[in-house]
Amino acid sequence: MSGGSELVPVREADAEFQSYVRMAEALLFAAVEPLDEATLKARLPQGAVIADVVGALTRSYANRGVNLVEVGGRWTFRTAPDLKYLLEFVQQEPRRLSKAAVETLAIVAYHQPVTRAEIEEIRGVSISKGTLDLLIEAGWAKIAGRKRTPGRPVTYGTTEAFLEHFSLKSVGDLPGIDELKATGLLEARIASNDASGESEDGEAEVRAAELPLATGPDAEG
Amino acid sequence: MSGGSELVPVREADAEFQSYVRMAEALLFAAVEPLDEATLKARLPQGAVIADVVGALTRSYANRGVNLVEVGGRWTFRTAPDLKYLLEFVQQEPRRLSKAAVETLAIVAYHQPVTRAEIEEIRGVSISKGTLDLLIEAGWAKIAGRKRTPGRPVTYGTTEAFLEHFSLKSVGDLPGIDELKATGLLEARIASNDASGESEDGEAEVRAAELPLATGPDAEG
Amino acid sequence: MSTLDESNVVSTAFSGDEVLRVDLAGYEGPLDILLGLARTQKVDITKISILALAEQYLAFIAEAKRIRIEIAADYLVMAAWLAYLKSRLLLPPGEEDDEPTGEELAADLTFRLGRLDAFRRVGERLFAGILLGRDVFARGAPEGVRVIKAPIYEASLFELLKAYADHKAQAGAVALTITPKTVFTFEQATRRLTALIGMAMDWQELERFLPGELVDDFTRRTAVASTLSASLELARQGKLDIRQQAAFGPIYLRKATRTP
């Protein structure tokens, strides 16, 4: 916001000066933090008067949705103060799912409808209460129904939002074991004996009813 | 980006329209990822014609150091391509893809949806472990669905992140895709032999009788 | 491919007179070599001489054999097929009408080479375009607006599949120790034989259908056993013919002369 630049308005018309403005604009846009005069000077061609360039840029953004502002002697683009409200209600910090949550989600997706006990049996560890809740909160898992076994345990499945997020047309589009191998995601040697393991679902209730749960946290990582 | 907006230049002068442009500008500047029409529509006041607003914004940035571009049907600001030399300091380490990976990505992009068997048929070798999963990990390839042929093999396609990375408006915008289509190279098979074009997958024998394929599951490294 | 690969090795090899430098390392299978060779003809890929190409390839393989470079089976299969193609191209047409003519086979090969070439070119064009993070840049410090549908939690499809694959890998690891990996199974043999028999227009010894990468004698014996079983099964299905002239003599296979 140097007032001095207004004294030489002629320069703003000249093409060379405009090219400096473009450069400063791109640099300030792409920079991860505000840039100071020295940094801009080092990047722009010799002879560029940074104060003038920044001044021109500041003015051209003055009435726009984004302004060029000076903070502590450095410049950066910021949303115009009167439009901050547009951002506020939507700003959200994306959070990554934990490894345990991703694995649980994968098991729900591949084995649905599946009970909590079955998930624990498949994973070999008990799942913390928060994991399934979190998947439900994320909108990816839902309660699918109840199993017709003693106690009628709740079963879980995936949601429409799950399919959308992972760009799948249907749950049936998830690659099978052989396809995972072919893609390189699964060590090729491993699952050739797994053809029988595929239909775990049908027998899961029997096993779940008979086997004690692995309760220790030591079963796997 | 609608050509229609040129027919009503009056609107661009009007203060209400300008306020929409400011809002869209602020949102697009602040966004972590390209924004789609629905997102802009939801944030802007009712009555804002997104295509017009975005069109006006695109034009006003056309010659600047930062441009508004359409990628994968969404909009985002990007530095002007001619200023790349200035910005080398923010360049990320480019992902170095192997020749096989580039070729596989091209086949997935231009031939999608495509099965692994089709990729192998085109390349004449079986896909090495780590090629498709690398593309999936990079976020460029995804599972597109399943083919209606025996075995219902999984098909692969490209993602929005792919379009974003390569600055493409859509898959139809891929360089050279029209030539590829025109030369008939995207069609499954040459017509001269048998017309088994559609269901390539189940018919390894037919293909093998015509030309040898890579046969070993581990024919390459 | 103008950059970063070894296909230039052969290009130089054939452009100069008979200075044959053979290196299989940079190649991704026989089709890749053929394309490399085709490029040395320096014409539009649709106008290459398939006959000349076949000869170049056969010379290439012969040289590789002479200097004892390890050659994978599929390179040899291609060599056999090209030798067959060559004979079909040189033979006057009209005999054995049930087989595709040499011209048809040649056209098919031209098509495949042209297609691979085309995908390579567009792959290069793709990376020559405007790339994010190389040619254009997004805002360095976005204040944070996300697409409305964007979830608070993030996980990629890759992570999801990897999680399941890792889980399966762990679950399968126990059984892994039990299964000897060295057995060449009946299924593998059937698949391999089905793929290869199409090229055997004439009698070929059974040995020639064995996979190239047999590490030890045991694996080799399992491969012989399973390939023999597979050939019997395929003969029963009418897909191939078997001949053995004496007890314990060599066994010969060829593609069935009549389609089942």
# chains A, B, ... in the order shown; residues from 1 in each chain; ligands from 1
call {"tool": "interface_residues", "arguments": {"of": "chain C", "to": "chain B", "cutoff": "8 Å", "atoms": "only C-alpha atoms", "output": "ChimeraX atom specification"}}
result
/C:5,28-32,72,74,77-78,81,100,104-105,108-109,111-112,114-116,118-120,122-127,129-139,142-148,156-159,192,194-199,211
call {"tool": "residues_around", "arguments": {"residues": "range 16-25 of chain B", "least_positions_apart": "5", "cutoff": "7 Å", "atoms": "only C-alpha atoms", "output": "ChimeraX atom specification"}}
result
/A:64-66,83 /B:11,40,44,48,53,57
call {"tool": "closest_residue", "arguments": {"among": "A:Thr131, A:Thr149, A:Ser60, A:Thr115", "to": "chain B", "atoms": "only C-alpha atoms"}}
result
A:Ser60
call {"tool": "residues_around", "arguments": {"residues": "Lys86 in chain C", "least_positions_apart": "4", "cutoff": "9 Å", "atoms": "only C-alpha atoms", "output": "list in words"}}
result
Ile50, Leu51, Ala54, Glu55, Trp81, Leu82, Leu90, Leu91 and Gly102 of chain C
call {"tool": "write_last_selection", "arguments": {"atoms": "all heavy atoms", "output": "compact mmCIF listing (two decimals), in the first residue's frame"}}
result
# COMPACT_ATOMS: atom_id res chain seq x y z
N ILE C 50 6.53 -56.31 -42.34
CA ILE C 50 6.47 -57.31 -41.29
C ILE C 50 7.47 -58.43 -41.55
O ILE C 50 8.08 -58.99 -40.64
CB ILE C 50 5.03 -57.87 -41.16
CG1 ILE C 50 4.11 -56.80 -40.55
CG2 ILE C 50 4.99 -59.13 -40.33
CD1 ILE C 50 4.40 -56.43 -39.12
N LEU C 51 7.67 -58.72 -42.82
CA LEU C 51 8.62 -59.78 -43.17
C LEU C 51 10.03 -59.39 -42.70
O LEU C 51 10.73 -60.17 -42.06
CB LEU C 51 8.60 -59.99 -44.70
CG LEU C 51 9.30 -61.26 -45.19
CD1 LEU C 51 8.69 -62.49 -44.55
CD2 LEU C 51 9.22 -61.35 -46.71
N ALA C 54 10.18 -59.58 -38.98
CA ALA C 54 10.31 -60.95 -38.49
C ALA C 54 11.76 -61.41 -38.58
O ALA C 54 12.30 -62.02 -37.66
CB ALA C 54 9.40 -61.88 -39.30
N GLU C 55 12.40 -61.07 -39.70
CA GLU C 55 13.79 -61.48 -39.87
C GLU C 55 14.70 -60.79 -38.85
O GLU C 55 15.60 -61.41 -38.28
CB GLU C 55 14.26 -61.17 -41.30
CG GLU C 55 13.92 -62.33 -42.23
CD GLU C 55 13.90 -61.92 -43.69
OE1 GLU C 55 14.33 -60.80 -44.00
OE2 GLU C 55 13.44 -62.75 -44.51
N TRP C 81 6.58 -68.09 -33.51
CA TRP C 81 5.41 -67.58 -34.21
C TRP C 81 5.81 -66.77 -35.43
O TRP C 81 5.22 -66.87 -36.50
CB TRP C 81 4.56 -66.74 -33.24
CG TRP C 81 3.26 -66.33 -33.84
CD1 TRP C 81 2.12 -67.07 -33.90
CD2 TRP C 81 2.97 -65.09 -34.50
NE1 TRP C 81 1.14 -66.38 -34.55
CE2 TRP C 81 1.63 -65.16 -34.93
CE3 TRP C 81 3.71 -63.95 -34.75
CZ2 TRP C 81 1.01 -64.11 -35.60
CZ3 TRP C 81 3.10 -62.90 -35.43
CH2 TRP C 81 1.75 -62.99 -35.84
N LEU C 82 6.86 -65.96 -35.27
CA LEU C 82 7.30 -65.13 -36.40
C LEU C 82 7.90 -65.98 -37.52
O LEU C 82 7.74 -65.66 -38.71
CB LEU C 82 8.31 -64.07 -35.93
CG LEU C 82 7.71 -62.90 -35.16
CD1 LEU C 82 8.81 -62.03 -34.57
CD2 LEU C 82 6.79 -62.07 -36.04
N LEU C 90 5.68 -66.12 -47.16
CA LEU C 90 6.45 -66.48 -48.35
C LEU C 90 5.74 -67.52 -49.20
O LEU C 90 5.92 -67.57 -50.41
CB LEU C 90 7.84 -66.99 -47.94
CG LEU C 90 8.72 -65.93 -47.28
CD1 LEU C 90 10.00 -66.54 -46.72
CD2 LEU C 90 9.04 -64.80 -48.26
N LEU C 91 4.92 -68.33 -48.54
CA LEU C 91 4.18 -69.38 -49.25
C LEU C 91 3.12 -68.77 -50.16
O LEU C 91 2.50 -67.78 -49.80
CB LEU C 91 3.48 -70.26 -48.20
CG LEU C 91 3.73 -71.75 -48.24
CD1 LEU C 91 5.23 -72.04 -48.07
CD2 LEU C 91 2.93 -72.41 -47.11
N GLY C 102 -1.22 -65.35 -44.23
CA GLY C 102 -0.07 -64.62 -43.72
C GLY C 102 -0.35 -63.13 -43.65
O GLY C 102 0.05 -62.45 -42.71
call {"tool": "residues_around", "arguments": {"residues": "Thr222 in chain C", "least_positions_apart": "6", "cutoff": "8 Å", "atoms": "only C-alpha atoms", "output": "list in words"}}
result
Val183, Phe184 and Thr185 of chain C
call {"tool": "write_last_selection", "arguments": {"atoms": "N, CA, C and O atoms", "output": "tab-separated table (two decimals), in the first residue's frame"}}
result
chain	number	residue	atom	x	y	z
C	183	VAL	N	5.67	-76.26	-6.87
C	183	VAL	CA	4.90	-77.12	-7.75
C	183	VAL	C	4.29	-76.33	-8.88
C	183	VAL	O	3.70	-75.28	-8.66
C	184	PHE	N	4.47	-76.79	-10.08
C	184	PHE	CA	3.82	-76.22	-11.25
C	184	PHE	C	2.48	-76.93	-11.40
C	184	PHE	O	2.43	-78.09	-11.78
C	185	THR	N	1.41	-76.25	-11.08
C	185	THR	CA	0.14	-76.94	-10.94
C	185	THR	C	-0.49	-77.28	-12.28
C	185	THR	O	-0.15	-76.72	-13.32
call {"tool": "closest_residue", "arguments": {"among": "B:Pro150, B:Lys169, B:Tyr61, B:Arg95", "to": "chain A", "atoms": "only C-alpha atoms"}}
result
B:Tyr61
call {"tool": "residues_around", "arguments": {"residues": "Ile242 in chain C", "least_positions_apart": "5", "cutoff": "10 Å", "atoms": "only C-alpha atoms", "output": "PDB file with N, CA and C atoms, in the first residue's frame"}}
result
ATOM      1  N   TRP C 203       4.070 -80.234 -35.294  1.00  0.00           N
ATOM      2  CA  TRP C 203       4.414 -80.987 -34.101  1.00  0.00           C
ATOM      3  C   TRP C 203       5.565 -80.346 -33.336  1.00  0.00           C
ATOM      4  N   GLN C 204       5.364 -80.168 -32.045  1.00  0.00           N
ATOM      5  CA  GLN C 204       6.408 -79.609 -31.176  1.00  0.00           C
ATOM      6  C   GLN C 204       6.582 -80.545 -29.989  1.00  0.00           C
ATOM      7  N   GLU C 205       7.796 -80.710 -29.594  1.00  0.00           N
ATOM      8  CA  GLU C 205       8.035 -81.569 -28.447  1.00  0.00           C
ATOM      9  C   GLU C 205       7.433 -80.959 -27.187  1.00  0.00           C
ATOM     10  N   LEU C 206       6.906 -81.813 -26.331  1.00  0.00           N
ATOM     11  CA  LEU C 206       6.254 -81.360 -25.102  1.00  0.00           C
ATOM     12  C   LEU C 206       7.172 -80.478 -24.270  1.00  0.00           C
ATOM     13  N   LEU C 228       1.884 -82.675 -19.104  1.00  0.00           N
ATOM     14  CA  LEU C 228       1.376 -83.886 -19.759  1.00  0.00           C
ATOM     15  C   LEU C 228      -0.101 -84.079 -19.421  1.00  0.00           C
ATOM     16  N   SER C 231      -2.110 -81.634 -21.271  1.00  0.00           N
ATOM     17  CA  SER C 231      -2.224 -81.909 -22.700  1.00  0.00           C
ATOM     18  C   SER C 231      -3.250 -83.016 -22.952  1.00  0.00           C
ATOM     19  N   LEU C 232      -3.299 -83.989 -22.036  1.00  0.00           N
ATOM     20  CA  LEU C 232      -4.297 -85.054 -22.185  1.00  0.00           C
ATOM     21  C   LEU C 232      -5.704 -84.475 -22.076  1.00  0.00           C
ATOM     22  N   LEU C 234      -6.606 -81.372 -22.665  1.00  0.00           N
ATOM     23  CA  LEU C 234      -6.896 -80.520 -23.819  1.00  0.00           C
ATOM     24  C   LEU C 234      -7.132 -81.361 -25.076  1.00  0.00           C
ATOM     25  N   ALA C 235      -6.446 -82.494 -25.152  1.00  0.00           N
ATOM     26  CA  ALA C 235      -6.681 -83.399 -26.280  1.00  0.00           C
ATOM     27  C   ALA C 235      -8.099 -83.960 -26.206  1.00  0.00           C
ATOM     28  N   ILE C 251       7.274 -86.966 -26.591  1.00  0.00           N
ATOM     29  CA  ILE C 251       5.864 -86.710 -26.869  1.00  0.00           C
ATOM     30  C   ILE C 251       5.763 -85.407 -27.645  1.00  0.00           C
ATOM     31  N   TYR C 252       4.940 -85.452 -28.713  1.00  0.00           N
ATOM     32  CA  TYR C 252       4.777 -84.253 -29.541  1.00  0.00           C
ATOM     33  C   TYR C 252       3.352 -83.738 -29.439  1.00  0.00           C
ATOM     34  N   LEU C 253       3.240 -82.414 -29.469  1.00  0.00           N
ATOM     35  CA  LEU C 253       1.922 -81.774 -29.429  1.00  0.00           C
ATOM     36  C   LEU C 253       1.792 -80.827 -30.608  1.00  0.00           C
ATOM     37  N   ARG C 254       0.562 -80.623 -31.025  1.00  0.00           N
ATOM     38  CA  ARG C 254       0.302 -79.537 -31.973  1.00  0.00           C
ATOM     39  C   ARG C 254      -1.151 -79.107 -31.799  1.00  0.00           C
ATOM     40  N   LYS C 255      -1.445 -77.964 -32.375  1.00  0.00           N
ATOM     41  CA  LYS C 255      -2.804 -77.441 -32.342  1.00  0.00           C
ATOM     42  C   LYS C 255      -3.705 -78.440 -33.062  1.00  0.00           C
ATOM     43  N   ALA C 256      -4.920 -78.661 -32.579  1.00  0.00           N
ATOM     44  CA  ALA C 256      -5.828 -79.600 -33.221  1.00  0.00           C
ATOM     45  C   ALA C 256      -6.058 -79.183 -34.660  1.00  0.00           C
TER      46      ALA C 256
END
call {"tool": "atom_distance", "arguments": {"atom1": "CA of Lys162 in chain C", "atom2": "CA of Arg148 in chain B"}}
result
25.7 Å
call {"tool": "select_by_dssp", "arguments": {"residues": "range 19-166 of chain B", "states": "helix (DSSP H, G or I)", "output": "ChimeraX atom specification"}}
result
/B:19-30,37-43,50-60,81-90,99-111,116-123,132-137,160-165
call {"tool": "atom_distance", "arguments": {"atom1": "CA of Ile33 in chain C", "atom2": "CA of Tyr57 in chain C"}}
result
7.8 Å
call {"tool": "select_by_dssp", "arguments": {"residues": "range 122-174 of chain B", "states": "strand (DSSP E)", "output": "NGL selection string"}}
result
:B and (141-146 or 154-158)
call {"tool": "write_last_selection", "arguments": {"atoms": "N, CA, C and O atoms", "output": "JSON list (two decimals), in the first residue's frame"}}
result
[["chain", "number", "residue", "atom", "x", "y", "z"],
["B", 141, "ALA", "N", -5.55, -43.71, -10.67],
["B", 141, "ALA", "CA", -6.40, -44.77, -11.21],
["B", 141, "ALA", "C", -7.33, -45.27, -10.12],
["B", 141, "ALA", "O", -7.02, -45.18, -8.94],
["B", 142, "LYS", "N", -8.47, -45.74, -10.55],
["B", 142, "LYS", "CA", -9.41, -46.28, -9.58],
["B", 142, "LYS", "C", -10.13, -47.46, -10.21],
["B", 142, "LYS", "O", -10.04, -47.68, -11.42],
["B", 143, "ILE", "N", -10.83, -48.18, -9.37],
["B", 143, "ILE", "CA", -11.65, -49.26, -9.89],
["B", 143, "ILE", "C", -12.92, -48.65, -10.46],
["B", 143, "ILE", "O", -13.60, -47.87, -9.79],
["B", 144, "ALA", "N", -13.18, -48.94, -11.72],
["B", 144, "ALA", "CA", -14.30, -48.28, -12.38],
["B", 144, "ALA", "C", -15.57, -49.11, -12.32],
["B", 144, "ALA", "O", -16.67, -48.58, -12.40],
["B", 145, "GLY", "N", -15.43, -50.40, -12.21],
["B", 145, "GLY", "CA", -16.60, -51.27, -12.20],
["B", 145, "GLY", "C", -16.18, -52.68, -12.59],
["B", 145, "GLY", "O", -15.03, -53.06, -12.39],
["B", 146, "ARG", "N", -17.13, -53.41, -13.11],
["B", 146, "ARG", "CA", -16.80, -54.75, -13.58],
["B", 146, "ARG", "C", -17.33, -54.92, -14.99],
["B", 146, "ARG", "O", -18.34, -54.36, -15.35],
["B", 154, "VAL", "N", -12.66, -56.91, -12.92],
["B", 154, "VAL", "CA", -12.65, -55.51, -12.49],
["B", 154, "VAL", "C", -12.10, -54.63, -13.62],
["B", 154, "VAL", "O", -11.16, -55.02, -14.30],
["B", 155, "THR", "N", -12.70, -53.48, -13.81],
["B", 155, "THR", "CA", -12.15, -52.55, -14.79],
["B", 155, "THR", "C", -11.56, -51.33, -14.07],
["B", 155, "THR", "O", -11.96, -51.02, -12.96],
["B", 156, "TYR", "N", -10.62, -50.70, -14.73],
["B", 156, "TYR", "CA", -9.96, -49.54, -14.15],
["B", 156, "TYR", "C", -10.21, -48.29, -14.98],
["B", 156, "TYR", "O", -10.44, -48.37, -16.19],
["B", 157, "GLY", "N", -10.19, -47.16, -14.32],
["B", 157, "GLY", "CA", -10.36, -45.88, -14.99],
["B", 157, "GLY", "C", -9.56, -44.83, -14.25],
["B", 157, "GLY", "O", -8.86, -45.14, -13.28],
["B", 158, "THR", "N", -9.65, -43.60, -14.71],
["B", 158, "THR", "CA", -8.90, -42.54, -14.05],
["B", 158, "THR", "C", -9.80, -41.76, -13.08],
["B", 158, "THR", "O", -11.02, -41.84, -13.17]]
call {"tool": "closest_residue", "arguments": {"among": "B:Lys129, B:Lys147, B:Arg152, B:Lys181", "to": "chain A", "atoms": "only C-alpha atoms"}}
result
B:Lys129
call {"tool": "closest_residue", "arguments": {"among": "A:Glu70, A:Asp52, A:Ala62, A:Ala182", "to": "chain B", "atoms": "only C-alpha atoms"}}
result
A:Ala182
call {"tool": "closest_residue", "arguments": {"among": "A:Ile119, A:Leu68, A:Ala15, A:Leu86", "to": "chain B", "atoms": "only C-alpha atoms"}}
result
A:Leu86
call {"tool": "atom_distance", "arguments": {"atom1": "CA of Phe248 in chain C", "atom2": "CA of Met201 in chain C"}}
result
23.8 Å
call {"tool": "closest_residue", "arguments": {"among": "B:Asp178, B:Pro45, B:Ser170, B:Arg59", "to": "chain A", "atoms": "only C-alpha atoms"}}
result
B:Pro45
